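Q: Pasting input.tsv below, which is TSV, C-alpha atoms.
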chain	number	residue	atom	x	y	z
Q	248	MET	CA	-87.47	7.19	-54.99
Q	249	PRO	CA	-86.78	6.78	-51.24
Q	250	ARG	CA	-86.21	9.81	-49.07
Q	251	GLU	CA	-83.24	8.24	-47.33
Q	252	ARG	CA	-80.19	6.61	-48.83
Q	253	GLY	CA	-77.91	4.06	-47.23
Q	254	GLU	CA	-78.21	2.12	-44.02
Q	255	LYS	CA	-79.02	3.45	-40.55
Q	256	VAL	CA	-78.57	0.92	-37.74
Q	257	ILE	CA	-81.15	1.14	-34.96
Q	258	ALA	CA	-80.22	-1.79	-32.70
Q	259	THR	CA	-77.76	-4.67	-32.67
Q	260	ASN	CA	-77.86	-7.91	-30.71
Q	261	ARG	CA	-74.30	-8.22	-29.41
Q	262	ARG	CA	-75.33	-10.94	-26.99
Q	263	ALA	CA	-76.37	-13.23	-29.87
Q	264	ARG	CA	-72.83	-13.25	-31.25
Q	265	HIS	CA	-71.58	-14.20	-27.78
Q	266	ASP	CA	-74.15	-16.93	-27.09
Q	267	TYR	CA	-74.42	-18.46	-30.57
Q	268	THR	CA	-72.25	-19.60	-33.45
Q	269	ILE	CA	-73.63	-17.80	-36.51
Q	270	GLU	CA	-73.99	-20.09	-39.54
Q	271	LYS	CA	-75.76	-17.96	-42.17
Q	272	THR	CA	-77.51	-14.60	-42.21
Q	273	TYR	CA	-80.59	-13.36	-44.09
Q	274	GLU	CA	-82.11	-9.91	-44.57
Q	275	ALA	CA	-85.85	-9.71	-43.97
Q	276	GLY	CA	-88.40	-6.95	-44.14
Q	277	LEU	CA	-90.78	-6.26	-41.25
Q	278	VAL	CA	-94.52	-5.68	-41.18
Q	279	LEU	CA	-94.88	-2.69	-38.83
Q	280	THR	CA	-97.55	-0.22	-37.79
Q	281	GLY	CA	-97.10	3.53	-38.08
Q	282	THR	CA	-96.22	4.18	-34.45
Q	283	GLU	CA	-93.64	1.36	-34.52
Q	284	VAL	CA	-91.86	3.01	-37.45
Q	285	LYS	CA	-91.91	6.38	-35.68
Q	286	SER	CA	-90.49	4.81	-32.53
Q	287	LEU	CA	-87.75	3.11	-34.57
Q	288	ARG	CA	-86.90	6.40	-36.28
Q	289	GLN	CA	-86.22	7.79	-32.79
Q	290	GLY	CA	-83.64	4.98	-32.49
Q	291	ARG	CA	-85.35	2.94	-29.80
Q	292	ALA	CA	-85.44	-0.86	-29.90
Q	293	ASN	CA	-84.07	-3.88	-28.04
Q	294	LEU	CA	-83.26	-7.20	-29.74
Q	295	THR	CA	-81.72	-8.98	-26.73
Q	296	ASP	CA	-84.54	-11.45	-25.98
Q	297	GLY	CA	-85.81	-11.67	-29.56
Q	298	TYR	CA	-86.11	-14.80	-31.66
Q	299	ALA	CA	-87.70	-15.80	-34.94
Q	300	TYR	CA	-89.78	-18.84	-35.83
Q	301	ILE	CA	-91.61	-20.32	-38.79
Q	302	ASP	CA	-95.27	-21.24	-38.55
Q	303	GLY	CA	-97.52	-22.27	-41.42
Q	304	GLY	CA	-95.07	-21.28	-44.14
Q	305	GLN	CA	-94.60	-17.78	-42.71
Q	306	ALA	CA	-91.78	-16.32	-40.64
Q	307	PHE	CA	-92.39	-14.31	-37.47
Q	308	LEU	CA	-90.24	-12.26	-35.11
Q	309	ASP	CA	-91.17	-12.43	-31.43
Q	310	ALA	CA	-90.08	-10.80	-28.15
Q	311	VAL	CA	-88.37	-7.84	-29.82
Q	312	HIS	CA	-89.02	-4.74	-27.73
Q	313	ILE	CA	-90.02	-1.62	-29.66
Q	314	PRO	CA	-91.22	0.89	-27.05
Q	315	GLU	CA	-94.46	2.80	-27.52
Q	316	TYR	CA	-94.23	6.04	-29.48
Q	317	SER	CA	-94.20	8.97	-27.05
Q	318	GLN	CA	-96.60	11.17	-29.08
Q	319	GLY	CA	-98.90	8.27	-29.92
Q	320	HIS	CA	-102.40	7.96	-28.49
Q	321	TRP	CA	-105.00	5.19	-28.81
Q	322	THR	CA	-103.35	3.95	-32.03
Q	323	ASN	CA	-100.14	3.03	-30.19
Q	324	HIS	CA	-98.77	-0.50	-30.56
Q	325	ALA	CA	-97.95	-3.21	-28.00
Q	326	ALA	CA	-94.23	-3.08	-27.19
Q	327	LYS	CA	-93.48	-6.82	-27.50
Q	328	ARG	CA	-95.94	-8.07	-30.08
Q	329	THR	CA	-95.26	-10.73	-32.71
Q	330	ARG	CA	-94.25	-9.20	-36.06
Q	331	LYS	CA	-94.35	-10.86	-39.45
Q	332	LEU	CA	-91.11	-11.16	-41.43
Q	333	LEU	CA	-91.07	-10.62	-45.18
Q	334	LEU	CA	-88.95	-13.29	-46.87
Q	335	HIS	CA	-89.06	-15.15	-50.17
Q	336	LYS	CA	-90.74	-18.56	-50.08
Q	337	GLU	CA	-87.45	-20.33	-50.93
Q	338	GLU	CA	-85.72	-18.61	-48.01
Q	339	ILE	CA	-88.49	-19.65	-45.62
Q	340	VAL	CA	-88.18	-23.27	-46.82
Q	341	LYS	CA	-84.38	-23.20	-46.31
Q	342	LEU	CA	-84.81	-21.74	-42.82
Q	343	SER	CA	-87.43	-24.29	-41.81
Q	344	HIS	CA	-85.24	-27.19	-43.02
Q	345	ALA	CA	-82.25	-25.85	-41.08
Q	346	ILE	CA	-84.29	-25.47	-37.90
Q	347	SER	CA	-85.97	-28.86	-38.20
Q	348	ALA	CA	-82.53	-30.50	-38.58
Q	349	GLY	CA	-82.12	-29.79	-34.87
Q	350	GLY	CA	-79.81	-27.73	-32.72
Q	351	TYR	CA	-80.36	-24.54	-34.72
Q	352	THR	CA	-82.44	-21.47	-33.98
Q	353	LEU	CA	-83.23	-18.14	-35.65
Q	354	VAL	CA	-81.93	-15.06	-33.86
Q	355	PRO	CA	-82.15	-11.39	-34.88
Q	356	LEU	CA	-78.73	-9.75	-35.16
Q	357	LYS	CA	-79.44	-6.22	-36.36
Q	358	LEU	CA	-82.43	-3.92	-36.88
Q	359	TYR	CA	-81.88	-1.09	-39.36
Q	360	PHE	CA	-83.33	1.14	-42.05
Q	361	SER	CA	-82.13	0.39	-45.58
Q	362	ASP	CA	-83.13	3.14	-48.03
Q	363	GLY	CA	-85.94	4.16	-45.69
Q	364	ARG	CA	-87.38	0.67	-45.15
Q	365	ALA	CA	-87.14	-1.22	-41.85
Q	366	LYS	CA	-85.12	-4.42	-42.15
Q	367	VAL	CA	-83.91	-7.06	-39.73
Q	368	GLU	CA	-80.89	-9.31	-40.17
Q	369	ILE	CA	-81.69	-12.79	-38.88
Q	370	ALA	CA	-79.25	-15.65	-38.58
Q	371	ILE	CA	-79.34	-19.41	-38.40
Q	372	ALA	CA	-77.39	-20.01	-35.20
Q	373	LYS	CA	-76.26	-22.88	-33.01
Q	374	GLY	CA	-75.98	-22.35	-29.25
Q	375	LYS	CA	-72.51	-22.28	-27.74
Q	376	ARG	CA	-71.60	-24.24	-24.65
Q	377	GLU	CA	-69.87	-22.49	-21.75
Q	378	PHE	CA	-66.37	-23.71	-22.62
Q	379	GLU	CA	-66.81	-22.54	-26.24
Q	380	LYS	CA	-67.67	-19.04	-25.00
Q	381	ARG	CA	-64.54	-18.97	-22.81
Q	382	GLN	CA	-62.42	-20.20	-25.71
Q	383	THR	CA	-63.79	-17.48	-28.02
Q	384	ILE	CA	-62.99	-14.81	-25.43
Q	385	ARG	CA	-59.48	-16.24	-24.92
Q	386	GLU	CA	-58.79	-16.23	-28.69
Q	387	ARG	CA	-59.99	-12.65	-29.01
Q	388	GLU	CA	-57.79	-11.50	-26.10
Q	389	ASP	CA	-54.74	-13.36	-27.51
Q	390	LYS	CA	-55.25	-11.72	-30.90
Q	391	ARG	CA	-55.57	-8.28	-29.28
Q	392	GLU	CA	-52.43	-8.85	-27.22
Q	393	ALA	CA	-50.45	-9.97	-30.31
Q	394	GLU	CA	-51.54	-6.88	-32.26
Q	395	ARG	CA	-50.57	-4.66	-29.31
Q	396	ALA	CA	-47.12	-6.29	-29.14
Q	397	MET	CA	-46.60	-5.84	-32.89
Q	398	ARG	CA	-47.56	-2.16	-32.69
Q	399	SER	CA	-45.17	-1.48	-29.81
Q	400	ARG	CA	-42.40	-3.41	-31.60
Q	401	ASN	CA	-42.94	-1.41	-34.80
Q	402	ARG	CA	-42.78	1.89	-32.87
Q	403	LEU	CA	-39.48	0.92	-31.25
Q	404	GLY	CA	-38.01	-0.06	-34.63
Q	405	ASP	CA	-38.65	3.40	-36.16
Would it be possible to restate this file's structure as structure tokens?
A:
Amino acid sequence: MPRERGEKVIATNRRARHDYTIEKTYEAGLVLTGTEVKSLRQGRANLTDGYAYIDGGQAFLDAVHIPEYSQGHWTNHAAKRTRKLLLHKEEIVKLSHAISAGGYTLVPLKLYFSDGRAKVEIAIAKGKREFEKRQTIREREDKREAERAMRSRNRLGD
């Protein structure tokens, strides 16, 4: 029985949602060392530059920054090392087919603890062009403005 229950988010990659169109998401486990887990429990990680890739039938997460554990000594880990992802074989095959189709990449969206185990949410994503980013921002601002107008209109009607 796990000590913790529920989900505790450590880090999110907000930039990925801005730069990419998210197609499908997967939850993957991580192979970590002891000091990495302790550092994550302190709530320290950065997914901004991270990406995932598939090599030899295995999935890996690279360029994710987990800082060294402050009370660690010679057993401390490298901050930006390559970490293995734990996925089912069928999921790895699906991911590799999607990536080999072209134009798609694997990006980490969220790093969290689920029932005491470190997990990462990765997504098959397609890069946005500059005009698509501007359009997304414009749509979001229009929606916000419409909701604001509806709220003010409802207050006046009371």
Q: Could you give me, as JSON lines, every segment 354-393 of chain Q residue with an atom at most 9 Å from segment 256-279 of chain Q, plus its closest atom pair and distance in Å to one decimal, counting only C-alpha atoms, rows ordered by chain then number?
A:
{"residue": "Q:Val354", "atom": "CA", "partner": "Q:Ala263", "partner_atom": "CA", "distance": 7.1}
{"residue": "Q:Pro355", "atom": "CA", "partner": "Q:Asn260", "partner_atom": "CA", "distance": 6.9}
{"residue": "Q:Leu356", "atom": "CA", "partner": "Q:Asn260", "partner_atom": "CA", "distance": 4.9}
{"residue": "Q:Lys357", "atom": "CA", "partner": "Q:Thr259", "partner_atom": "CA", "distance": 4.3}
{"residue": "Q:Leu358", "atom": "CA", "partner": "Q:Ala258", "partner_atom": "CA", "distance": 5.2}
{"residue": "Q:Tyr359", "atom": "CA", "partner": "Q:Val256", "partner_atom": "CA", "distance": 4.2}
{"residue": "Q:Phe360", "atom": "CA", "partner": "Q:Val256", "partner_atom": "CA", "distance": 6.4}
{"residue": "Q:Ser361", "atom": "CA", "partner": "Q:Val256", "partner_atom": "CA", "distance": 8.6}
{"residue": "Q:Arg364", "atom": "CA", "partner": "Q:Gly276", "partner_atom": "CA", "distance": 7.8}
{"residue": "Q:Ala365", "atom": "CA", "partner": "Q:Leu277", "partner_atom": "CA", "distance": 6.2}
{"residue": "Q:Lys366", "atom": "CA", "partner": "Q:Gly276", "partner_atom": "CA", "distance": 4.6}
{"residue": "Q:Val367", "atom": "CA", "partner": "Q:Ala275", "partner_atom": "CA", "distance": 5.4}
{"residue": "Q:Glu368", "atom": "CA", "partner": "Q:Glu274", "partner_atom": "CA", "distance": 4.6}
{"residue": "Q:Ile369", "atom": "CA", "partner": "Q:Tyr273", "partner_atom": "CA", "distance": 5.4}
{"residue": "Q:Ala370", "atom": "CA", "partner": "Q:Thr272", "partner_atom": "CA", "distance": 4.2}
{"residue": "Q:Ile371", "atom": "CA", "partner": "Q:Lys271", "partner_atom": "CA", "distance": 5.4}
{"residue": "Q:Ala372", "atom": "CA", "partner": "Q:Ile269", "partner_atom": "CA", "distance": 4.6}
{"residue": "Q:Lys373", "atom": "CA", "partner": "Q:Thr268", "partner_atom": "CA", "distance": 5.2}
{"residue": "Q:Gly374", "atom": "CA", "partner": "Q:Tyr267", "partner_atom": "CA", "distance": 4.4}
{"residue": "Q:Lys375", "atom": "CA", "partner": "Q:Tyr267", "partner_atom": "CA", "distance": 5.1}
{"residue": "Q:Arg376", "atom": "CA", "partner": "Q:Asp266", "partner_atom": "CA", "distance": 8.1}
{"residue": "Q:Glu377", "atom": "CA", "partner": "Q:Asp266", "partner_atom": "CA", "distance": 8.8}
{"residue": "Q:Lys380", "atom": "CA", "partner": "Q:His265", "partner_atom": "CA", "distance": 6.8}
{"residue": "Q:Thr383", "atom": "CA", "partner": "Q:His265", "partner_atom": "CA", "distance": 8.5}
{"residue": "Q:Ile384", "atom": "CA", "partner": "Q:His265", "partner_atom": "CA", "distance": 8.9}
Q: Quote the spacing between atom CA of Arg288 of chain Q and atom CA of Gly253 of chain Q in Å to one decimal place.
A: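 Between atom CA of Arg288 of chain Q and atom CA of Gly253 of chain Q the gap is 14.4 Å.
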Q: Name the residues, using the chain letters and numbers of the file, that sit within 10 Å of (-82.3, -12.7, -22.8) when counting only C-alpha atoms, and give them as a PyMOL selection string.
A: chain Q and resi 262-263+294-298+310
Q: For atom CA of Tyr351 of chain Q and atom CA of Arg385 of chain Q, determine how far apart the two atoms are, in Å to one decimal place.
A: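 Calculated distance between atom CA of Tyr351 of chain Q and atom CA of Arg385 of chain Q is 24.5 Å.
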Q: To one decimal place in Å, what is the distance between atom CA of Ser317 of chain Q and atom CA of Ser286 of chain Q?
A: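 Between these atoms lies a distance of 7.8 Å.
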Q: Go through Q:His324, Q:Arg398, Q:His335, Q:Arg381 and flag the residue nearest Lys285 of chain Q, using all atoms listed in the file for the distances.
A: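 Among the listed residues, Q:His324 lies closest to Lys285 of chain Q.
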Q: In the coordinate frame of the file, compute which residues have an atom within 8 Å of (-87.2, 8.0, -46.9) when using all atoms listed in the file, and state them as an mmCIF file with C-alpha atoms, in the frame of the given file.
A:
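Result file result_4.cif:
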data_model
loop_
_atom_site.group_PDB
_atom_site.id
_atom_site.type_symbol
_atom_site.label_atom_id
_atom_site.label_comp_id
_atom_site.auth_asym_id
_atom_site.auth_seq_id
_atom_site.Cartn_x
_atom_site.Cartn_y
_atom_site.Cartn_z
ATOM 1 C CA PRO Q 249 -86.780 6.780 -51.240
ATOM 2 C CA ARG Q 250 -86.210 9.810 -49.070
ATOM 3 C CA GLU Q 251 -83.240 8.240 -47.330
ATOM 4 C CA ARG Q 252 -80.190 6.610 -48.830
ATOM 5 C CA ASP Q 362 -83.130 3.140 -48.030
ATOM 6 C CA GLY Q 363 -85.940 4.160 -45.690
ATOM 7 C CA ARG Q 364 -87.380 0.670 -45.150
#
Q: Smallest atom-to-atom distance to Ala326 of chain Q: which of Q:Ala345, Q:Pro314, Q:Val284, Q:Glu386, using all atoms listed in the file?
A: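 Residue with the minimum atom-to-atom distance to Ala326 of chain Q: Q:Pro314.
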Q: Please fill the gaps in segment 388-402 of chain Q so it has N, CA and C atoms, and write that as a tab-separated table (two decimals), in the coordinates of the input.
A:
chain	number	residue	atom	x	y	z
Q	388	GLU	N	-58.78	-12.19	-26.92
Q	388	GLU	CA	-57.79	-11.50	-26.10
Q	388	GLU	C	-56.37	-11.78	-26.57
Q	389	ASP	N	-56.07	-13.02	-26.99
Q	389	ASP	CA	-54.74	-13.36	-27.51
Q	389	ASP	C	-54.43	-12.57	-28.77
Q	390	LYS	N	-55.43	-12.46	-29.66
Q	390	LYS	CA	-55.25	-11.72	-30.90
Q	390	LYS	C	-54.98	-10.24	-30.61
Q	391	ARG	N	-55.74	-9.67	-29.67
Q	391	ARG	CA	-55.57	-8.28	-29.28
Q	391	ARG	C	-54.17	-8.04	-28.71
Q	392	GLU	N	-53.74	-8.97	-27.85
Q	392	GLU	CA	-52.43	-8.85	-27.22
Q	392	GLU	C	-51.31	-8.94	-28.27
Q	393	ALA	N	-51.45	-9.83	-29.25
Q	393	ALA	CA	-50.45	-9.97	-30.31
Q	393	ALA	C	-50.37	-8.70	-31.15
Q	394	GLU	N	-51.52	-8.13	-31.49
Q	394	GLU	CA	-51.54	-6.88	-32.26
Q	394	GLU	C	-50.89	-5.75	-31.47
Q	395	ARG	N	-51.15	-5.69	-30.17
Q	395	ARG	CA	-50.57	-4.66	-29.31
Q	395	ARG	C	-49.05	-4.79	-29.28
Q	396	ALA	N	-48.57	-6.04	-29.16
Q	396	ALA	CA	-47.12	-6.29	-29.14
Q	396	ALA	C	-46.47	-5.90	-30.47
Q	397	MET	N	-47.14	-6.19	-31.58
Q	397	MET	CA	-46.60	-5.84	-32.89
Q	397	MET	C	-46.53	-4.32	-33.07
Q	398	ARG	N	-47.55	-3.62	-32.59
Q	398	ARG	CA	-47.56	-2.16	-32.69
Q	398	ARG	C	-46.42	-1.55	-31.89
Q	399	SER	N	-46.24	-2.02	-30.65
Q	399	SER	CA	-45.17	-1.48	-29.81
Q	399	SER	C	-43.79	-1.81	-30.39
Q	400	ARG	N	-43.65	-2.99	-30.98
Q	400	ARG	CA	-42.40	-3.41	-31.60
Q	400	ARG	C	-42.10	-2.55	-32.83
Q	401	ASN	N	-43.13	-2.25	-33.61
Q	401	ASN	CA	-42.94	-1.41	-34.80
Q	401	ASN	C	-42.56	0.02	-34.42
Q	402	ARG	N	-43.11	0.53	-33.32
Q	402	ARG	CA	-42.78	1.89	-32.87
Q	402	ARG	C	-41.32	1.97	-32.41
